[in-house]
>>> print(open('target22.cif').read())   # mmCIF, N, CA and C atoms
data_query
loop_
_atom_site.label_atom_id
_atom_site.label_comp_id
_atom_site.auth_asym_id
_atom_site.auth_seq_id
_atom_site.Cartn_x
_atom_site.Cartn_y
_atom_site.Cartn_z
N MET A 195 -19.46 -8.21 18.83
CA MET A 195 -19.90 -7.36 17.74
C MET A 195 -20.67 -6.18 18.33
N PRO A 196 -20.42 -4.98 17.83
CA PRO A 196 -21.11 -3.81 18.35
C PRO A 196 -22.61 -3.89 18.10
N ALA A 197 -23.36 -3.31 19.01
CA ALA A 197 -24.81 -3.34 18.90
C ALA A 197 -25.33 -2.29 17.92
N SER A 198 -24.51 -1.33 17.56
CA SER A 198 -24.97 -0.29 16.65
C SER A 198 -23.83 0.21 15.78
N ILE A 199 -24.19 0.89 14.72
CA ILE A 199 -23.19 1.49 13.84
C ILE A 199 -22.39 2.54 14.59
N ARG A 200 -23.05 3.27 15.45
CA ARG A 200 -22.36 4.32 16.22
C ARG A 200 -21.26 3.72 17.10
N GLU A 201 -21.54 2.57 17.73
CA GLU A 201 -20.51 1.92 18.54
C GLU A 201 -19.33 1.49 17.67
N GLU A 202 -19.61 0.99 16.48
CA GLU A 202 -18.54 0.56 15.58
C GLU A 202 -17.70 1.76 15.15
N VAL A 203 -18.34 2.87 14.81
CA VAL A 203 -17.61 4.08 14.42
C VAL A 203 -16.75 4.57 15.58
N ASP A 204 -17.30 4.58 16.77
CA ASP A 204 -16.53 4.98 17.95
C ASP A 204 -15.31 4.09 18.13
N HIS A 205 -15.49 2.78 17.93
CA HIS A 205 -14.38 1.83 18.07
C HIS A 205 -13.30 2.11 17.02
N LEU A 206 -13.70 2.34 15.77
CA LEU A 206 -12.73 2.60 14.71
C LEU A 206 -11.99 3.91 14.93
N LEU A 207 -12.70 4.93 15.38
CA LEU A 207 -12.06 6.22 15.66
C LEU A 207 -11.05 6.08 16.80
N GLU A 208 -11.42 5.35 17.82
CA GLU A 208 -10.51 5.13 18.94
C GLU A 208 -9.25 4.40 18.48
N ALA A 209 -9.42 3.38 17.65
CA ALA A 209 -8.28 2.64 17.14
C ALA A 209 -7.39 3.52 16.28
N ALA A 210 -8.00 4.38 15.47
CA ALA A 210 -7.22 5.27 14.60
C ALA A 210 -6.40 6.26 15.41
N PHE A 211 -6.98 6.79 16.48
CA PHE A 211 -6.26 7.77 17.29
C PHE A 211 -5.18 7.15 18.16
N THR A 212 -5.36 5.89 18.54
CA THR A 212 -4.36 5.25 19.41
C THR A 212 -3.37 4.41 18.62
N GLY A 213 -3.58 4.27 17.31
CA GLY A 213 -2.65 3.53 16.47
C GLY A 213 -2.76 2.02 16.62
N GLU A 214 -3.93 1.52 17.04
CA GLU A 214 -4.10 0.10 17.26
C GLU A 214 -4.53 -0.66 16.01
N MET A 215 -4.75 0.00 14.93
CA MET A 215 -5.22 -0.68 13.74
C MET A 215 -4.07 -1.49 13.14
N SER A 216 -4.28 -2.77 12.92
CA SER A 216 -3.23 -3.65 12.43
C SER A 216 -2.98 -3.46 10.94
N THR A 217 -3.86 -2.76 10.23
CA THR A 217 -3.70 -2.57 8.80
C THR A 217 -2.97 -1.27 8.45
N ARG A 218 -2.49 -0.57 9.44
CA ARG A 218 -1.79 0.68 9.19
C ARG A 218 -0.52 0.42 8.37
N LEU A 219 -0.34 1.17 7.31
CA LEU A 219 0.81 1.03 6.44
C LEU A 219 1.78 2.17 6.66
N SER A 220 3.03 1.88 6.40
CA SER A 220 4.03 2.95 6.42
C SER A 220 4.93 2.76 5.21
N CYS A 221 5.45 3.84 4.73
CA CYS A 221 6.31 3.83 3.55
C CYS A 221 7.63 3.12 3.87
N PRO A 222 8.02 2.14 3.06
CA PRO A 222 9.29 1.46 3.32
C PRO A 222 10.50 2.35 3.03
N SER A 223 10.29 3.45 2.33
CA SER A 223 11.38 4.34 1.99
C SER A 223 11.63 5.39 3.07
N CYS A 224 10.57 6.09 3.48
CA CYS A 224 10.74 7.19 4.44
C CYS A 224 10.08 6.93 5.80
N GLY A 225 9.23 5.90 5.90
CA GLY A 225 8.57 5.58 7.16
C GLY A 225 7.30 6.36 7.43
N SER A 226 6.89 7.22 6.52
CA SER A 226 5.68 8.02 6.71
C SER A 226 4.43 7.14 6.70
N ALA A 227 3.43 7.53 7.47
CA ALA A 227 2.15 6.82 7.49
C ALA A 227 1.18 7.40 6.46
N HIS A 228 1.61 8.37 5.69
CA HIS A 228 0.77 9.00 4.67
C HIS A 228 0.85 8.17 3.39
N VAL A 229 0.07 7.09 3.37
CA VAL A 229 0.10 6.13 2.27
C VAL A 229 -1.28 6.04 1.65
N ALA A 230 -1.32 6.08 0.32
CA ALA A 230 -2.58 5.94 -0.42
C ALA A 230 -2.57 4.63 -1.19
N GLN A 231 -3.74 3.99 -1.24
CA GLN A 231 -3.89 2.76 -2.00
C GLN A 231 -4.38 3.12 -3.38
N MET A 232 -3.84 2.45 -4.40
CA MET A 232 -4.28 2.74 -5.77
C MET A 232 -4.33 1.44 -6.56
N LEU A 233 -5.01 1.48 -7.68
CA LEU A 233 -5.12 0.33 -8.55
C LEU A 233 -3.84 0.20 -9.36
N GLY A 234 -3.26 -0.99 -9.36
CA GLY A 234 -2.02 -1.22 -10.10
C GLY A 234 -2.24 -1.41 -11.58
N ASP A 235 -1.16 -1.55 -12.33
CA ASP A 235 -1.22 -1.68 -13.78
C ASP A 235 -2.04 -2.88 -14.25
N ASN A 236 -1.88 -4.02 -13.59
CA ASN A 236 -2.56 -5.24 -14.01
C ASN A 236 -3.75 -5.57 -13.12
N GLY A 237 -4.35 -4.57 -12.52
CA GLY A 237 -5.51 -4.78 -11.67
C GLY A 237 -5.17 -5.12 -10.24
N GLY A 238 -3.90 -5.19 -9.90
CA GLY A 238 -3.50 -5.46 -8.53
C GLY A 238 -3.55 -4.20 -7.69
N ILE A 239 -3.19 -4.35 -6.43
CA ILE A 239 -3.19 -3.22 -5.51
C ILE A 239 -1.77 -2.69 -5.35
N SER A 240 -1.61 -1.40 -5.48
CA SER A 240 -0.33 -0.75 -5.26
C SER A 240 -0.52 0.36 -4.25
N TYR A 241 0.58 0.85 -3.71
CA TYR A 241 0.55 1.90 -2.70
C TYR A 241 1.51 3.00 -3.11
N VAL A 242 1.19 4.22 -2.71
CA VAL A 242 2.08 5.35 -2.97
C VAL A 242 2.15 6.20 -1.70
N CYS A 243 3.35 6.63 -1.38
CA CYS A 243 3.54 7.51 -0.23
C CYS A 243 3.30 8.93 -0.68
N THR A 244 2.37 9.61 -0.01
CA THR A 244 2.07 10.98 -0.40
C THR A 244 3.08 11.97 0.19
N ALA A 245 3.99 11.48 1.01
CA ALA A 245 5.02 12.36 1.59
C ALA A 245 6.25 12.42 0.69
N CYS A 246 6.70 11.24 0.19
CA CYS A 246 7.94 11.24 -0.60
C CYS A 246 7.75 10.78 -2.05
N GLY A 247 6.58 10.22 -2.38
CA GLY A 247 6.31 9.80 -3.74
C GLY A 247 6.70 8.37 -4.07
N HIS A 248 7.29 7.64 -3.13
CA HIS A 248 7.69 6.26 -3.36
C HIS A 248 6.45 5.41 -3.60
N SER A 249 6.50 4.48 -4.57
CA SER A 249 5.38 3.60 -4.81
C SER A 249 5.85 2.14 -4.76
N TRP A 250 4.96 1.24 -4.34
CA TRP A 250 5.28 -0.17 -4.23
C TRP A 250 4.00 -0.99 -4.28
N SER A 251 4.15 -2.30 -4.46
CA SER A 251 2.98 -3.19 -4.44
C SER A 251 3.19 -4.35 -3.50
#
>>> encode(input="target22.cif", output="structure tokens")
Amino acid sequence: MPASIREEVDHLLEAAFTGEMSTRLSCPSCGSAHVAQMLGDNGGISYVCTACGHSWS
């Protein structure tokens, strides 16, 4: 566990730039990584691709 918030932020930034984050999503339609999370109709989680507009849950 990091000793400080700054170390944690540095770790997250490094993971984001190197693509090591395991939670990275990609659009199943176009493959873009430009995905936004949104609240679904029944309170569930849905996703929308901001590149092509495809949405899924």
>>> resolve_selection(input="target22.cif", expression="the PyMOL selection byres (((chain A and resi 228 and name CA) around 12) and name CA)", output="PDB file with N, CA and C atoms, in the frame of the given file")
ATOM      1  N   ARG A 218      -2.490  -0.570   9.440  1.00  0.00           N
ATOM      2  CA  ARG A 218      -1.790   0.680   9.190  1.00  0.00           C
ATOM      3  C   ARG A 218      -0.520   0.420   8.370  1.00  0.00           C
ATOM      4  N   LEU A 219      -0.340   1.170   7.310  1.00  0.00           N
ATOM      5  CA  LEU A 219       0.810   1.030   6.440  1.00  0.00           C
ATOM      6  C   LEU A 219       1.780   2.170   6.660  1.00  0.00           C
ATOM      7  N   SER A 220       3.030   1.880   6.400  1.00  0.00           N
ATOM      8  CA  SER A 220       4.030   2.950   6.420  1.00  0.00           C
ATOM      9  C   SER A 220       4.930   2.760   5.210  1.00  0.00           C
ATOM     10  N   CYS A 221       5.450   3.840   4.730  1.00  0.00           N
ATOM     11  CA  CYS A 221       6.310   3.830   3.550  1.00  0.00           C
ATOM     12  C   CYS A 221       7.630   3.120   3.870  1.00  0.00           C
ATOM     13  N   PRO A 222       8.020   2.140   3.060  1.00  0.00           N
ATOM     14  CA  PRO A 222       9.290   1.460   3.320  1.00  0.00           C
ATOM     15  C   PRO A 222      10.500   2.350   3.030  1.00  0.00           C
ATOM     16  N   SER A 223      10.290   3.450   2.330  1.00  0.00           N
ATOM     17  CA  SER A 223      11.380   4.340   1.990  1.00  0.00           C
ATOM     18  C   SER A 223      11.630   5.390   3.070  1.00  0.00           C
ATOM     19  N   CYS A 224      10.570   6.090   3.480  1.00  0.00           N
ATOM     20  CA  CYS A 224      10.740   7.190   4.440  1.00  0.00           C
ATOM     21  C   CYS A 224      10.080   6.930   5.800  1.00  0.00           C
ATOM     22  N   GLY A 225       9.230   5.900   5.900  1.00  0.00           N
ATOM     23  CA  GLY A 225       8.570   5.580   7.160  1.00  0.00           C
ATOM     24  C   GLY A 225       7.300   6.360   7.430  1.00  0.00           C
ATOM     25  N   SER A 226       6.890   7.220   6.520  1.00  0.00           N
ATOM     26  CA  SER A 226       5.680   8.020   6.710  1.00  0.00           C
ATOM     27  C   SER A 226       4.430   7.140   6.700  1.00  0.00           C
ATOM     28  N   ALA A 227       3.430   7.530   7.470  1.00  0.00           N
ATOM     29  CA  ALA A 227       2.150   6.820   7.490  1.00  0.00           C
ATOM     30  C   ALA A 227       1.180   7.400   6.460  1.00  0.00           C
ATOM     31  N   VAL A 229       0.070   7.090   3.370  1.00  0.00           N
ATOM     32  CA  VAL A 229       0.100   6.130   2.270  1.00  0.00           C
ATOM     33  C   VAL A 229      -1.280   6.040   1.650  1.00  0.00           C
ATOM     34  N   ALA A 230      -1.320   6.080   0.320  1.00  0.00           N
ATOM     35  CA  ALA A 230      -2.580   5.940  -0.420  1.00  0.00           C
ATOM     36  C   ALA A 230      -2.570   4.630  -1.190  1.00  0.00           C
ATOM     37  N   GLN A 231      -3.740   3.990  -1.240  1.00  0.00           N
ATOM     38  CA  GLN A 231      -3.890   2.760  -2.000  1.00  0.00           C
ATOM     39  C   GLN A 231      -4.380   3.120  -3.380  1.00  0.00           C
ATOM     40  N   TYR A 241       0.580   0.850  -3.710  1.00  0.00           N
ATOM     41  CA  TYR A 241       0.550   1.900  -2.700  1.00  0.00           C
ATOM     42  C   TYR A 241       1.510   3.000  -3.110  1.00  0.00           C
ATOM     43  N   VAL A 242       1.190   4.220  -2.710  1.00  0.00           N
ATOM     44  CA  VAL A 242       2.080   5.350  -2.970  1.00  0.00           C
ATOM     45  C   VAL A 242       2.150   6.200  -1.700  1.00  0.00           C
ATOM     46  N   CYS A 243       3.350   6.630  -1.380  1.00  0.00           N
ATOM     47  CA  CYS A 243       3.540   7.510  -0.230  1.00  0.00           C
ATOM     48  C   CYS A 243       3.300   8.930  -0.680  1.00  0.00           C
ATOM     49  N   THR A 244       2.370   9.610  -0.010  1.00  0.00           N
ATOM     50  CA  THR A 244       2.070  10.980  -0.400  1.00  0.00           C
ATOM     51  C   THR A 244       3.080  11.970   0.190  1.00  0.00           C
ATOM     52  N   ALA A 245       3.990  11.480   1.010  1.00  0.00           N
ATOM     53  CA  ALA A 245       5.020  12.360   1.590  1.00  0.00           C
ATOM     54  C   ALA A 245       6.250  12.420   0.690  1.00  0.00           C
ATOM     55  N   CYS A 246       6.700  11.240   0.190  1.00  0.00           N
ATOM     56  CA  CYS A 246       7.940  11.240  -0.600  1.00  0.00           C
ATOM     57  C   CYS A 246       7.750  10.780  -2.050  1.00  0.00           C
ATOM     58  N   GLY A 247       6.580  10.220  -2.380  1.00  0.00           N
ATOM     59  CA  GLY A 247       6.310   9.800  -3.740  1.00  0.00           C
ATOM     60  C   GLY A 247       6.700   8.370  -4.070  1.00  0.00           C
ATOM     61  N   HIS A 248       7.290   7.640  -3.130  1.00  0.00           N
ATOM     62  CA  HIS A 248       7.690   6.260  -3.360  1.00  0.00           C
ATOM     63  C   HIS A 248       6.450   5.410  -3.600  1.00  0.00           C
ATOM     64  N   SER A 249       6.500   4.480  -4.570  1.00  0.00           N
ATOM     65  CA  SER A 249       5.380   3.600  -4.810  1.00  0.00           C
ATOM     66  C   SER A 249       5.850   2.140  -4.760  1.00  0.00           C
TER      67      SER A 249
END
>>> axis_aligned_box(input="target22.cif", around="segment 220-223 of chain A", padding_each_side="3 Å", output="JSON")
{"center_x": 7.3, "center_y": 3.4, "center_z": 4.2, "size_x": 14.6, "size_y": 9.9, "size_z": 10.4}
>>> atom_distance(input="target22.cif", atom1="atom C of Met232 of chain A", atom2="atom CA of Asp204 of chain A")
27.6 Å
>>> atom_distance(input="target22.cif", atom1="atom CA of Trp250 of chain A", atom2="atom N of Asn236 of chain A")
12.4 Å
>>> atom_distance(input="target22.cif", atom1="atom N of Ile239 of chain A", atom2="atom CA of Ser251 of chain A")
6.6 Å
